[in-house]
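Colleague: Input file: input16.csv. Contents: CSV, C-alpha atoms and all ligand atoms.
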chain,number,residue,atom,x,y,z
A,185,MET,CA,118.0,-5.0,-1.6
A,186,ALA,CA,115.0,-3.4,0.2
A,187,SER,CA,112.2,-5.8,0.9
A,188,ARG,CA,108.9,-4.9,-0.5
A,189,MET,CA,105.8,-5.4,1.7
A,190,ARG,CA,103.4,-7.7,0.1
A,191,PHE,CA,99.6,-7.8,0.6
A,192,SER,CA,96.9,-9.9,-0.8
A,193,SER,CA,95.1,-8.9,-4.0
A,194,LEU,CA,92.0,-8.3,-1.9
A,195,THR,CA,93.6,-5.1,-0.5
A,196,GLU,CA,93.7,-3.7,-4.1
A,197,ARG,CA,90.1,-4.8,-4.8
A,198,ILE,CA,88.8,-2.9,-1.7
A,199,SER,CA,90.4,0.4,-2.4
A,200,GLY,CA,88.2,1.9,-5.1
A,201,GLU,CA,87.0,5.3,-6.2
A,202,GLY,CA,84.4,5.4,-3.4
A,203,SER,CA,87.0,6.7,-0.9
A,204,ARG,CA,87.3,10.0,-2.7
A,205,ALA,CA,83.7,10.8,-1.8
A,206,TRP,CA,84.8,11.3,1.8
A,207,GLU,CA,87.5,13.8,1.0
A,208,ILE,CA,85.2,16.8,1.7
A,209,HIS,CA,83.9,15.2,4.8
A,210,VAL,CA,87.4,14.5,6.2
A,211,ARG,CA,88.4,18.1,5.5
A,212,ALA,CA,85.3,19.4,7.2
A,213,ILE,CA,85.9,17.3,10.3
A,214,ALA,CA,89.5,18.5,10.5
A,215,ARG,CA,88.3,22.2,10.3
A,216,ARG,CA,85.7,21.6,12.9
A,217,ARG,CA,88.3,20.2,15.2
A,218,ARG,CA,90.3,23.3,14.7
A,219,GLY,CA,87.3,25.3,16.0
A,220,ASP,CA,85.9,26.5,12.7
A,221,ASP,CA,82.1,27.0,12.4
A,222,ILE,CA,81.2,24.0,10.1
A,223,ILE,CA,77.8,22.6,9.4
A,224,LEU,CA,78.3,18.9,8.8
A,225,LEU,CA,75.8,17.5,6.3
A,226,SER,CA,78.1,15.0,4.7
A,227,ILE,CA,77.5,11.8,6.6
A,228,GLY,CA,74.3,9.7,7.3
A,229,ASP,CA,74.5,10.0,11.0
A,230,PRO,CA,71.8,12.4,12.3
A,231,ASP,CA,71.9,14.2,15.6
A,232,PHE,CA,69.2,12.1,17.2
A,233,ALA,CA,70.0,10.3,20.5
A,234,THR,CA,69.4,6.6,20.8
A,235,PRO,CA,66.0,6.3,22.6
A,236,PRO,CA,66.7,6.2,26.4
A,237,SER,CA,64.6,3.0,26.9
A,238,ILE,CA,67.1,1.2,24.6
A,239,VAL,CA,70.1,2.6,26.5
A,240,ASP,CA,68.5,1.5,29.8
A,241,GLY,CA,67.9,-2.0,28.4
A,242,CYS,CA,71.5,-2.3,27.4
A,243,ILE,CA,72.7,-1.2,30.9
A,244,GLU,CA,70.4,-3.6,32.6
A,245,SER,CA,71.7,-6.4,30.5
A,246,LEU,CA,75.3,-5.5,31.3
A,247,LYS,CA,74.5,-5.3,35.0
A,248,ALA,CA,72.8,-8.8,34.7
A,249,GLY,CA,76.1,-10.1,33.5
A,250,ASN,CA,75.4,-10.6,29.9
A,251,THR,CA,79.0,-10.2,29.0
A,252,HIS,CA,79.9,-13.6,27.6
A,253,TYR,CA,80.1,-15.3,24.2
A,254,THR,CA,76.8,-15.5,22.4
A,255,ALA,CA,75.2,-17.7,19.7
A,256,MET,CA,76.9,-17.2,16.3
A,257,ALA,CA,73.8,-16.5,14.4
A,258,GLY,CA,72.4,-14.3,17.2
A,259,GLU,CA,70.5,-14.9,20.4
A,260,PRO,CA,67.1,-16.6,20.0
A,261,ALA,CA,65.2,-13.6,21.4
A,262,LEU,CA,66.8,-11.2,19.0
A,263,ARG,CA,66.4,-13.5,16.0
A,264,GLY,CA,62.7,-13.9,16.9
A,265,ALA,CA,62.2,-10.2,17.2
A,266,ILE,CA,63.9,-9.6,13.9
A,267,ALA,CA,61.8,-12.3,12.2
A,268,ARG,CA,58.6,-10.6,13.5
A,269,PHE,CA,59.9,-7.1,12.5
A,270,HIS,CA,60.8,-8.3,9.0
A,271,ALA,CA,57.4,-10.0,8.7
A,272,SER,CA,55.6,-6.8,9.7
A,273,ILE,CA,57.4,-4.4,7.3
A,274,SER,CA,57.3,-6.8,4.4
A,275,GLY,CA,53.9,-8.3,4.9
A,276,THR,CA,55.3,-11.8,4.8
A,277,THR,CA,55.8,-14.6,7.2
A,278,CYS,CA,59.3,-15.1,8.5
A,279,THR,CA,60.9,-17.7,10.9
A,280,PRO,CA,64.0,-17.1,13.1
A,281,ASP,CA,66.0,-19.7,11.2
A,282,ARG,CA,66.1,-17.2,8.3
A,283,VAL,CA,67.8,-14.5,10.4
A,284,VAL,CA,71.5,-14.1,11.1
A,285,VAL,CA,72.7,-11.2,13.2
A,286,PHE,CA,75.7,-9.1,12.2
A,287,HIS,CA,77.6,-6.0,13.2
A,288,GLY,CA,75.5,-3.6,11.3
A,289,ALA,CA,74.0,-3.7,7.8
A,290,GLN,CA,77.5,-3.1,6.3
A,291,ASN,CA,78.8,-6.3,7.9
A,292,ALA,CA,75.7,-8.2,6.8
A,293,LEU,CA,76.0,-7.0,3.3
A,294,PHE,CA,79.7,-8.0,3.1
A,295,SER,CA,78.8,-11.4,4.4
A,296,ALA,CA,76.0,-12.0,2.0
A,297,VAL,CA,78.1,-11.0,-1.0
A,298,ILE,CA,81.0,-13.2,0.2
A,299,CYS,CA,78.6,-16.2,0.6
A,300,LEU,CA,77.0,-15.7,-2.8
A,301,LEU,CA,79.6,-14.6,-5.3
A,302,ASP,CA,82.7,-16.1,-6.8
A,303,ARG,CA,85.6,-14.4,-8.6
A,304,ASP,CA,84.7,-13.1,-12.0
A,305,GLU,CA,81.0,-13.6,-11.6
A,306,GLU,CA,78.8,-10.6,-12.1
A,307,ILE,CA,76.4,-8.7,-9.9
A,308,ILE,CA,74.1,-6.0,-11.2
A,309,VAL,CA,73.7,-2.8,-9.2
A,310,PRO,CA,71.7,0.2,-10.1
A,311,GLU,CA,73.5,3.5,-9.6
A,312,PRO,CA,73.6,5.9,-7.9
A,313,MET,CA,74.5,3.5,-5.1
A,314,TYR,CA,75.8,3.6,-1.6
A,315,VAL,CA,79.5,4.2,-1.8
A,316,THR,CA,80.7,1.1,0.0
A,317,TYR,CA,79.1,-1.4,-2.4
A,318,GLU,CA,82.0,-1.2,-4.9
A,319,ALA,CA,84.6,-2.3,-2.3
A,320,VAL,CA,82.3,-5.0,-0.8
A,321,ILE,CA,81.8,-6.5,-4.3
A,322,GLY,CA,85.5,-6.0,-5.0
A,323,ALA,CA,86.4,-8.1,-1.9
A,324,SER,CA,84.5,-11.0,-3.3
A,325,GLY,CA,86.4,-10.8,-6.6
A,326,ALA,CA,83.1,-10.5,-8.5
A,327,ARG,CA,82.5,-7.9,-11.1
A,328,MET,CA,80.0,-5.1,-10.5
A,329,VAL,CA,77.8,-4.2,-13.5
A,330,THR,CA,76.0,-1.0,-13.1
A,331,VAL,CA,72.6,0.0,-14.5
A,332,PRO,CA,71.7,3.7,-14.6
A,333,CYS,CA,68.9,5.4,-12.7
A,334,PRO,CA,68.9,8.7,-14.6
A,335,ALA,CA,68.2,12.0,-12.9
A,336,GLU,CA,65.8,12.7,-15.7
A,337,SER,CA,63.7,9.7,-14.6
A,338,GLY,CA,63.7,10.8,-11.0
A,339,PHE,CA,66.5,8.4,-10.3
A,340,HIS,CA,64.3,5.4,-11.0
A,341,PRO,CA,66.1,2.5,-12.8
A,342,ASP,CA,66.2,2.0,-16.5
A,343,LEU,CA,64.5,-1.5,-16.6
A,344,ASP,CA,65.5,-2.2,-20.2
A,345,ALA,CA,69.1,-1.6,-19.3
A,346,PHE,CA,68.6,-3.9,-16.4
A,347,ALA,CA,67.5,-6.8,-18.6
A,348,ALA,CA,70.3,-6.0,-21.1
A,349,ALA,CA,73.0,-6.2,-18.4
A,350,ILE,CA,72.3,-9.8,-17.7
A,351,THR,CA,75.0,-12.2,-19.1
A,352,PRO,CA,75.7,-15.9,-18.5
A,353,ARG,CA,78.1,-14.8,-15.7
A,354,THR,CA,75.4,-12.9,-13.7
A,355,ARG,CA,74.7,-14.4,-10.3
A,356,ALA,CA,72.9,-11.7,-8.4
A,357,VAL,CA,71.3,-8.3,-8.3
A,358,LEU,CA,71.9,-5.8,-5.5
A,359,LEU,CA,69.1,-3.2,-4.8
A,360,ASN,CA,68.8,-0.5,-2.2
A,361,THR,CA,65.3,0.7,-1.5
A,362,PRO,CA,64.7,3.3,-0.2
A,363,ASN,CA,67.9,4.5,-1.8
A,364,ASN,CA,70.9,6.3,-0.5
A,365,PRO,CA,71.6,8.9,-1.9
A,366,THR,CA,68.5,9.5,-4.0
A,367,GLY,CA,65.7,8.8,-1.5
A,368,VAL,CA,63.9,6.8,-4.2
A,369,VAL,CA,61.5,4.0,-3.1
A,370,LEU,CA,61.3,1.3,-5.8
A,371,THR,CA,57.7,0.7,-6.9
A,372,ARG,CA,56.0,-2.7,-6.7
A,373,ASN,CA,56.0,-2.7,-10.5
A,374,GLU,CA,59.8,-2.1,-10.8
A,375,LEU,CA,60.4,-4.8,-8.2
A,376,SER,CA,58.2,-7.2,-10.1
A,377,VAL,CA,60.0,-6.7,-13.3
A,378,ILE,CA,63.4,-7.2,-11.6
A,379,SER,CA,62.1,-10.2,-9.7
A,380,ASP,CA,60.8,-11.8,-12.9
A,381,LEU,CA,64.4,-11.4,-14.3
A,382,CYS,CA,65.7,-13.1,-11.2
A,383,HIS,CA,63.4,-16.0,-11.7
A,384,GLN,CA,64.1,-16.3,-15.5
A,385,HIS,CA,67.9,-16.2,-15.0
A,386,ASP,CA,68.1,-17.9,-11.7
A,387,LEU,CA,69.6,-14.9,-9.8
A,388,TRP,CA,69.9,-14.0,-6.2
A,389,LEU,CA,68.4,-10.7,-5.1
A,390,ILE,CA,70.2,-8.9,-2.3
A,391,CYS,CA,68.1,-5.9,-1.0
A,392,ASP,CA,69.5,-3.3,1.4
A,393,GLU,CA,66.5,-1.9,3.3
A,394,VAL,CA,68.1,0.2,6.0
A,395,TYR,CA,65.8,3.1,5.3
A,396,ALA,CA,62.6,1.0,5.1
A,397,THR,CA,60.9,2.6,8.1
A,398,LEU,CA,61.7,6.1,7.0
A,399,VAL,CA,59.3,6.4,4.1
A,400,PHE,CA,57.4,9.7,4.0
A,401,GLU,CA,55.3,9.2,0.9
A,402,GLY,CA,54.3,5.9,-0.8
A,403,GLN,CA,55.1,2.6,0.7
A,404,HIS,CA,58.2,0.5,1.1
A,405,VAL,CA,57.9,-2.8,-0.8
A,406,SER,CA,60.3,-5.6,0.1
A,407,PRO,CA,61.1,-7.9,-2.9
A,408,ALA,CA,60.9,-10.7,-0.4
A,409,ALA,CA,57.1,-10.2,-0.4
A,410,LEU,CA,56.8,-10.9,-4.1
A,411,ALA,CA,55.8,-14.4,-5.3
A,412,GLY,CA,58.6,-16.9,-4.9
A,413,MET,CA,61.2,-14.3,-4.0
A,414,ALA,CA,61.8,-15.1,-0.4
A,415,GLU,CA,63.6,-18.2,-1.6
A,416,ARG,CA,66.1,-16.2,-3.7
A,417,SER,CA,66.4,-13.0,-1.6
A,418,VAL,CA,68.7,-11.8,1.1
A,419,ILE,CA,67.2,-8.8,2.9
A,420,ILE,CA,69.7,-6.6,4.7
A,421,ASN,CA,68.6,-4.3,7.5
A,422,SER,CA,69.8,-2.7,10.8
A,423,LEU,CA,68.8,-0.5,13.7
A,424,SER,CA,71.3,2.2,12.7
A,425,LYS,CA,68.8,4.5,10.9
A,426,SER,CA,65.4,3.5,12.2
A,427,HIS,CA,66.4,3.6,15.9
A,428,ALA,CA,69.3,6.2,15.8
A,429,MET,CA,71.7,3.4,16.7
A,430,THR,CA,74.5,3.9,14.2
A,431,GLY,CA,77.3,3.3,16.8
A,432,TRP,CA,75.8,0.1,18.2
A,433,ARG,CA,76.6,-1.9,15.1
A,434,LEU,CA,73.5,-4.1,15.0
A,435,GLY,CA,72.2,-5.4,11.7
A,436,TRP,CA,71.1,-8.7,10.1
A,437,THR,CA,70.3,-10.8,7.1
A,438,VAL,CA,67.0,-12.5,6.3
A,439,SER,CA,67.5,-15.3,3.8
A,440,PRO,CA,66.5,-18.9,3.0
A,441,PRO,CA,67.6,-21.1,5.9
A,442,GLU,CA,70.2,-22.9,3.7
A,443,LEU,CA,72.0,-19.6,3.1
A,444,ALA,CA,71.5,-18.6,6.7
A,445,ALA,CA,73.5,-21.7,7.7
A,446,HIS,CA,76.4,-20.6,5.6
A,447,LEU,CA,76.2,-17.0,6.9
A,448,GLU,CA,76.3,-18.4,10.5
A,449,THR,CA,79.5,-20.3,9.7
A,450,LEU,CA,81.0,-17.1,8.2
A,451,ALA,CA,79.9,-15.2,11.4
A,452,LEU,CA,81.8,-17.8,13.4
A,453,CYS,CA,85.0,-17.4,11.5
A,454,MET,CA,84.7,-13.7,11.1
A,455,HIS,CA,83.4,-12.1,14.4
A,456,TYR,CA,82.4,-14.9,16.7
A,457,GLY,CA,79.1,-13.4,17.8
A,458,CYS,CA,77.7,-9.9,18.5
A,459,PRO,CA,77.8,-8.6,22.1
A,460,GLY,CA,74.9,-10.0,24.2
A,461,PHE,CA,74.1,-6.7,25.9
A,462,ILE,CA,73.7,-5.1,22.5
A,463,GLN,CA,71.5,-7.9,21.3
A,464,ASP,CA,69.3,-7.6,24.4
A,465,ALA,CA,68.9,-3.9,23.7
A,466,GLY,CA,68.1,-4.6,20.1
A,467,ALA,CA,65.5,-7.3,20.9
A,468,MET,CA,63.8,-4.7,23.2
A,469,ALA,CA,64.0,-2.0,20.6
A,470,LEU,CA,62.2,-4.2,18.0
A,471,SER,CA,59.7,-5.8,20.4
A,472,ARG,CA,58.4,-2.5,21.9
A,473,GLU,CA,59.0,0.3,19.4
A,474,PRO,CA,60.2,3.4,21.4
A,475,VAL,CA,58.0,6.4,20.8
A,476,GLU,CA,61.1,8.3,19.6
A,477,CYS,CA,61.2,6.2,16.4
A,478,ALA,CA,58.0,7.9,15.0
A,479,ALA,CA,59.4,11.3,16.1
A,480,ILE,CA,62.6,10.6,14.2
A,481,LYS,CA,60.7,10.0,11.1
A,482,ALA,CA,58.5,13.0,11.5
A,483,GLU,CA,61.5,15.2,12.2
A,484,LEU,CA,63.3,13.9,9.1
A,485,ARG,CA,60.3,14.7,7.0
A,486,ALA,CA,60.1,18.3,8.4
A,487,ARG,CA,63.8,18.7,7.7
A,488,ARG,CA,63.3,17.5,4.1
A,489,ASP,CA,60.4,19.9,3.6
A,490,LEU,CA,62.5,22.8,4.9
A,491,VAL,CA,65.6,22.0,2.8
A,492,CYS,CA,63.6,21.3,-0.4
A,493,GLY,CA,61.4,24.4,0.2
A,494,ARG,CA,64.4,26.7,0.8
A,495,LEU,CA,66.8,25.4,-1.9
A,496,SER,CA,64.3,25.1,-4.7
A,497,ARG,CA,63.9,28.9,-4.5
A,498,VAL,CA,67.6,29.4,-5.1
A,499,ARG,CA,68.4,30.3,-8.7
A,500,GLY,CA,70.7,27.7,-10.3
A,501,LEU,CA,69.8,24.9,-8.0
A,502,ARG,CA,67.2,22.1,-8.5
A,503,CYS,CA,66.1,19.9,-5.7
A,504,SER,CA,64.7,16.3,-6.0
A,505,ARG,CA,62.2,15.7,-3.2
A,506,PRO,CA,63.1,12.4,-1.6
A,507,GLU,CA,60.3,10.1,-0.7
A,508,ALA,CA,62.3,8.6,2.1
A,509,GLY,CA,65.5,8.5,4.1
A,510,MET,CA,67.8,11.3,5.2
A,511,PHE,CA,69.3,12.9,2.2
A,512,VAL,CA,68.3,15.5,-0.4
A,513,MET,CA,69.9,15.5,-3.9
A,514,VAL,CA,70.5,19.0,-5.2
A,515,ASP,CA,71.2,19.4,-8.9
A,516,VAL,CA,73.9,22.1,-9.4
A,517,ARG,CA,74.5,21.6,-13.2
A,518,ASP,CA,72.8,24.9,-14.1
A,519,THR,CA,75.6,26.7,-12.2
A,520,GLY,CA,78.2,25.3,-14.6
A,521,ILE,CA,80.3,24.3,-11.6
A,522,PRO,CA,81.2,20.5,-11.2
A,523,ALA,CA,79.8,19.0,-8.1
A,524,PHE,CA,83.2,18.3,-6.5
A,525,GLU,CA,84.3,21.9,-7.0
A,526,PHE,CA,81.0,23.2,-5.8
A,527,ALA,CA,81.1,21.2,-2.6
A,528,SER,CA,84.8,22.0,-2.0
A,529,ASP,CA,84.3,25.8,-2.5
A,530,LEU,CA,81.1,25.7,-0.4
A,531,LEU,CA,83.1,24.2,2.5
A,532,GLU,CA,86.0,26.7,2.1
A,533,THR,CA,83.9,29.8,1.8
A,534,GLU,CA,80.7,29.1,3.8
A,535,GLY,CA,81.7,26.2,6.1
A,536,VAL,CA,78.9,23.8,4.9
A,537,ALA,CA,80.0,20.2,4.3
A,538,VAL,CA,78.0,18.2,1.7
A,539,LEU,CA,79.1,15.3,-0.5
A,540,PRO,CA,79.5,15.6,-4.3
A,541,ALA,CA,77.1,12.8,-5.4
A,542,ASP,CA,79.2,11.8,-8.4
A,543,ALA,CA,80.9,9.3,-6.2
A,544,PHE,CA,77.6,7.4,-5.9
A,545,GLY,CA,77.5,6.8,-9.7
A,546,ALA,CA,77.5,8.5,-13.0
A,547,SER,CA,73.7,9.2,-12.9
A,548,ALA,CA,74.3,11.5,-10.0
A,549,ARG,CA,76.9,13.6,-11.8
A,550,GLY,CA,76.3,17.3,-11.1
A,551,HIS,CA,74.5,16.7,-7.9
A,552,LEU,CA,75.2,17.2,-4.2
A,553,ARG,CA,74.0,15.0,-1.4
A,554,VAL,CA,72.8,17.1,1.5
A,555,GLY,CA,72.3,15.2,4.7
A,556,LEU,CA,69.3,16.0,6.9
A,557,THR,CA,71.5,15.3,9.8
A,558,SER,CA,71.4,18.5,11.7
A,559,HIS,CA,68.5,20.3,13.5
A,560,ARG,CA,66.2,22.6,11.6
A,561,ALA,CA,67.8,25.9,12.7
A,562,SER,CA,71.2,24.6,11.6
A,563,LEU,CA,69.7,23.4,8.2
A,564,ALA,CA,68.1,26.8,7.6
A,565,ASP,CA,71.5,28.4,8.3
A,566,ALA,CA,73.1,25.9,5.9
A,567,CYS,CA,70.5,26.8,3.2
A,568,ASP,CA,71.3,30.5,3.7
A,569,ARG,CA,75.0,29.8,3.2
A,570,ILE,CA,74.4,27.6,0.2
A,571,GLU,CA,72.2,30.4,-1.3
A,572,ARG,CA,74.9,33.0,-0.6
A,573,TYR,CA,77.6,30.8,-2.2
A,574,THR,CA,75.5,30.1,-5.3
A,575,GLY,CA,74.8,33.8,-5.6
A,576,SER,CA,78.5,34.5,-5.6
A,577,ILE,CA,79.3,32.2,-8.5
A,601,LIG,C1,72.2,2.2,2.0
A,601,LIG,C2,73.0,1.9,3.2
A,601,LIG,N1,73.3,0.7,3.5
A,601,LIG,C3,74.1,0.3,4.6
A,601,LIG,C4,74.5,1.3,5.4
A,601,LIG,C5,75.3,0.9,6.6
A,601,LIG,O1,74.4,0.7,7.7
A,601,LIG,P1,74.9,0.1,9.1
A,601,LIG,O2,75.2,1.3,10.0
A,601,LIG,O3,73.8,-0.6,9.6
A,601,LIG,O4,76.1,-0.7,8.9
A,601,LIG,C6,74.3,2.6,5.2
A,601,LIG,C7,74.8,3.7,6.1
A,601,LIG,O5,74.8,4.9,5.8
A,601,LIG,C8,73.5,3.0,4.1
A,601,LIG,O6,73.2,4.2,3.8
Go through the file and emit its structure as structure tokens.
Modeller:
Amino acid sequence: MASRMRFSSLTERISGEGSRAWEIHVRAIARRRRGDDIILLSIGDPDFATPPSIVDGCIESLKAGNTHYTAMAGEPALRGAIARFHASISGTTCTPDRVVVFHGAQNALFSAVICLLDRDEEIIVPEPMYVTYEAVIGASGARMVTVPCPAESGFHPDLDAFAAAITPRTRAVLLNTPNNPTGVVLTRNELSVISDLCHQHDLWLICDEVYATLVFEGQHVSPAALAGMAERSVIINSLSKSHAMTGWRLGWTVSPPELAAHLETLALCMHYGCPGFIQDAGAMALSREPVECAAIKAELRARRDLVCGRLSRVRGLRCSRPEAGMFVMVDVRDTGIPAFEFASDLLETEGVAVLPADAFGASARGHLRVGLTSHRASLADACDRIERYTGSI
């Protein structure tokens, strides 16, 4: 009898719908490798180089021999720099014992969820949401309960639905502000209502803030800044987006020290420390902000204006103007073509790769997520191609 390979139930829980979102992206990459003229706007990794001062800092650290094991929660210099950075963007005070360093925000988020949730408990997540959340929560065995952020409300959360979603099994809320894919920045009022619910029902609040420094209008508010919330919040952040360091894999959690101690233990048994030369570069990046960071933000804003300006003139398309981040949501419902088909045909006929936003949640049905990840001339070309395709429907 043939033996059947057996895997843990976790392997099933981490393979969700989210993976379909990348189908268009994977096809686009394959075509580009074959030499086709493809404009890749399907992934959140812009064409900006990591600022040279950060690269130099890393090389110096390597040359100085910083190639050994490091402290599990992160080296003191980096934890201190992160605490100061978090304090400055949230307007709070923060001490290094609240900080644990991870391999990017993704790894930090996974760790926080694993340390907070047990099987069959519930976590409330507004959708549209970043596609990996489902699998991360699946890994913990907890149940994800979604709350809509309807397109008609500018993708802001339905707060009544939020309150109604709470059950005796609810343990936590997971927010992402500014949001990927919508670019929405949650208001102080929205965060206050959600924080009050957390107090009333004794819930943790996990907040993914990887786009916090890329806000074009309005102001990023961290829930950790609201009265009493630092003691029940886990803030997730990284250098990936703010410092064009996606490939360096450097992120962190900011949480109450008691949770930080558990996160440190998880770091020990999961990755055993982040490379010291990367931590040195990260500490430098946060202590002396490279001039390129402001330029990255200004360029993303100019790209947003270009894409929104161009696509809002195309008949059949409607553009939501993001307040932050690196994506524009384009409503294609008036064309009568479902978003997946639209994105798929657009790639085939015009060589532009964007993601059907349905994969981010039901509220994004009929939308495309266009990444502001390529330079302006290339984005203008992509807009021409999108207009030509839309005109041909
Ligand atoms: C909302 C959100 N959270 C987390 C991540 C992962 O970030 P990191 O590269 O720091 O792991 C991304 C990456 O696109 C993201 O958009």
Colleague: Within 7 Å of Pro235 (chain A), counting all atoms listed in the file, which residues qualify if same-chain residues fewer than 3 places away don't, as a PyMOL selection string?
Modeller: chain A and resi 238-239+474+476
Colleague: For CA of Val394 (chain A) and CA of Pro236 (chain A), quote the distance in Å rounded to one decimal.
Modeller: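 If I compute the distance from CA of Val394 (chain A) to CA of Pro236 (chain A), I get 21.3 Å.
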Colleague: For Ala409 (chain A), which of A:Cys391, A:Ile198, A:Ala482, A:Met513 is the closest residue, counting all atoms listed in the file?
Modeller: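 Ranking A:Cys391, A:Ile198, A:Ala482, A:Met513 by distance to Ala409 (chain A), first place goes to A:Cys391.
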Colleague: Taking all atoms listed in the file into account, which residues are within 9 Å of ligand LIG 601 (chain A), as JSON, numbers by chain?
Modeller: {"A": [227, 228, 229, 287, 288, 289, 290, 291, 292, 293, 313, 314, 315, 316, 317, 360, 361, 362, 363, 364, 365, 392, 393, 394, 395, 420, 421, 422, 423, 424, 425, 429, 430, 431, 432, 433, 434, 435, 436, 509]}
Colleague: Here is a test: counting all atoms listed in the file, which residue of A:Val538, A:Leu447, A:Met510, A:Ala345 is nearest to Val283 (chain A)?
Modeller: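 Once distances to Val283 (chain A) are computed over all atoms listed in the file, the minimum belongs to A:Leu447.
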Colleague: Quick one, how far is CA of Arg485 (chain A) from CA of Ala469 (chain A)?
Modeller: 21.9 Å
Colleague: Quick one: residues within 7 Å of region 502-508 of chain A, only C-alpha atoms, excluding same-chain residues fewer than 2 positions away - as a list in words?
Modeller: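 My list of contacting residues is Pro362, Thr366, Gly367, Val368, Val369, Leu398, Val399, Phe400, Glu401, Cys492, Leu495, Ser496, Gly500, Met510, Val512, Met513, Val514, Asp515 and Val516 of chain A.
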Colleague: Just how far from CA of Leu375 (chain A) is CA of Ile273 (chain A), in Å to one decimal?
Modeller: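 CA of Leu375 (chain A) lies 15.8 Å from CA of Ile273 (chain A).
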Colleague: Applying 7 Å and all atoms listed in the file, which residues near Ala537 (chain A) remain after dropping the ones on its own chain fewer than 4 positions away? List them as a short mmCIF file (atom, residue, chain, number, x, y, z; two decimals) with C-alpha atoms, keeping the file's coordinate frame.
Modeller:
data_model
loop_
_atom_site.label_atom_id
_atom_site.label_comp_id
_atom_site.auth_asym_id
_atom_site.auth_seq_id
_atom_site.Cartn_x
_atom_site.Cartn_y
_atom_site.Cartn_z
CA ILE A 208 85.20 16.80 1.70
CA HIS A 209 83.90 15.20 4.80
CA ALA A 212 85.30 19.40 7.20
CA ILE A 223 77.80 22.60 9.40
CA LEU A 224 78.30 18.90 8.80
CA LEU A 225 75.80 17.50 6.30
CA SER A 226 78.10 15.00 4.70
CA LEU A 531 83.10 24.20 2.50
#
Colleague: May I ask which of the residues A:Phe339, A:Phe461, A:Phe526, A:Tyr573 is the closest one to Thr251 (chain A), counting only C-alpha atoms?
Modeller: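 Closest to Thr251 (chain A), using only C-alpha atoms: A:Phe461.
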Colleague: In terms of the shortest atom-to-atom distance over all atoms listed in the file, which of A:Ser426, A:Ser528, A:Thr437, A:Ser547 is closest to Thr234 (chain A)?
Modeller: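 The closest residue to Thr234 (chain A) is A:Ser426.
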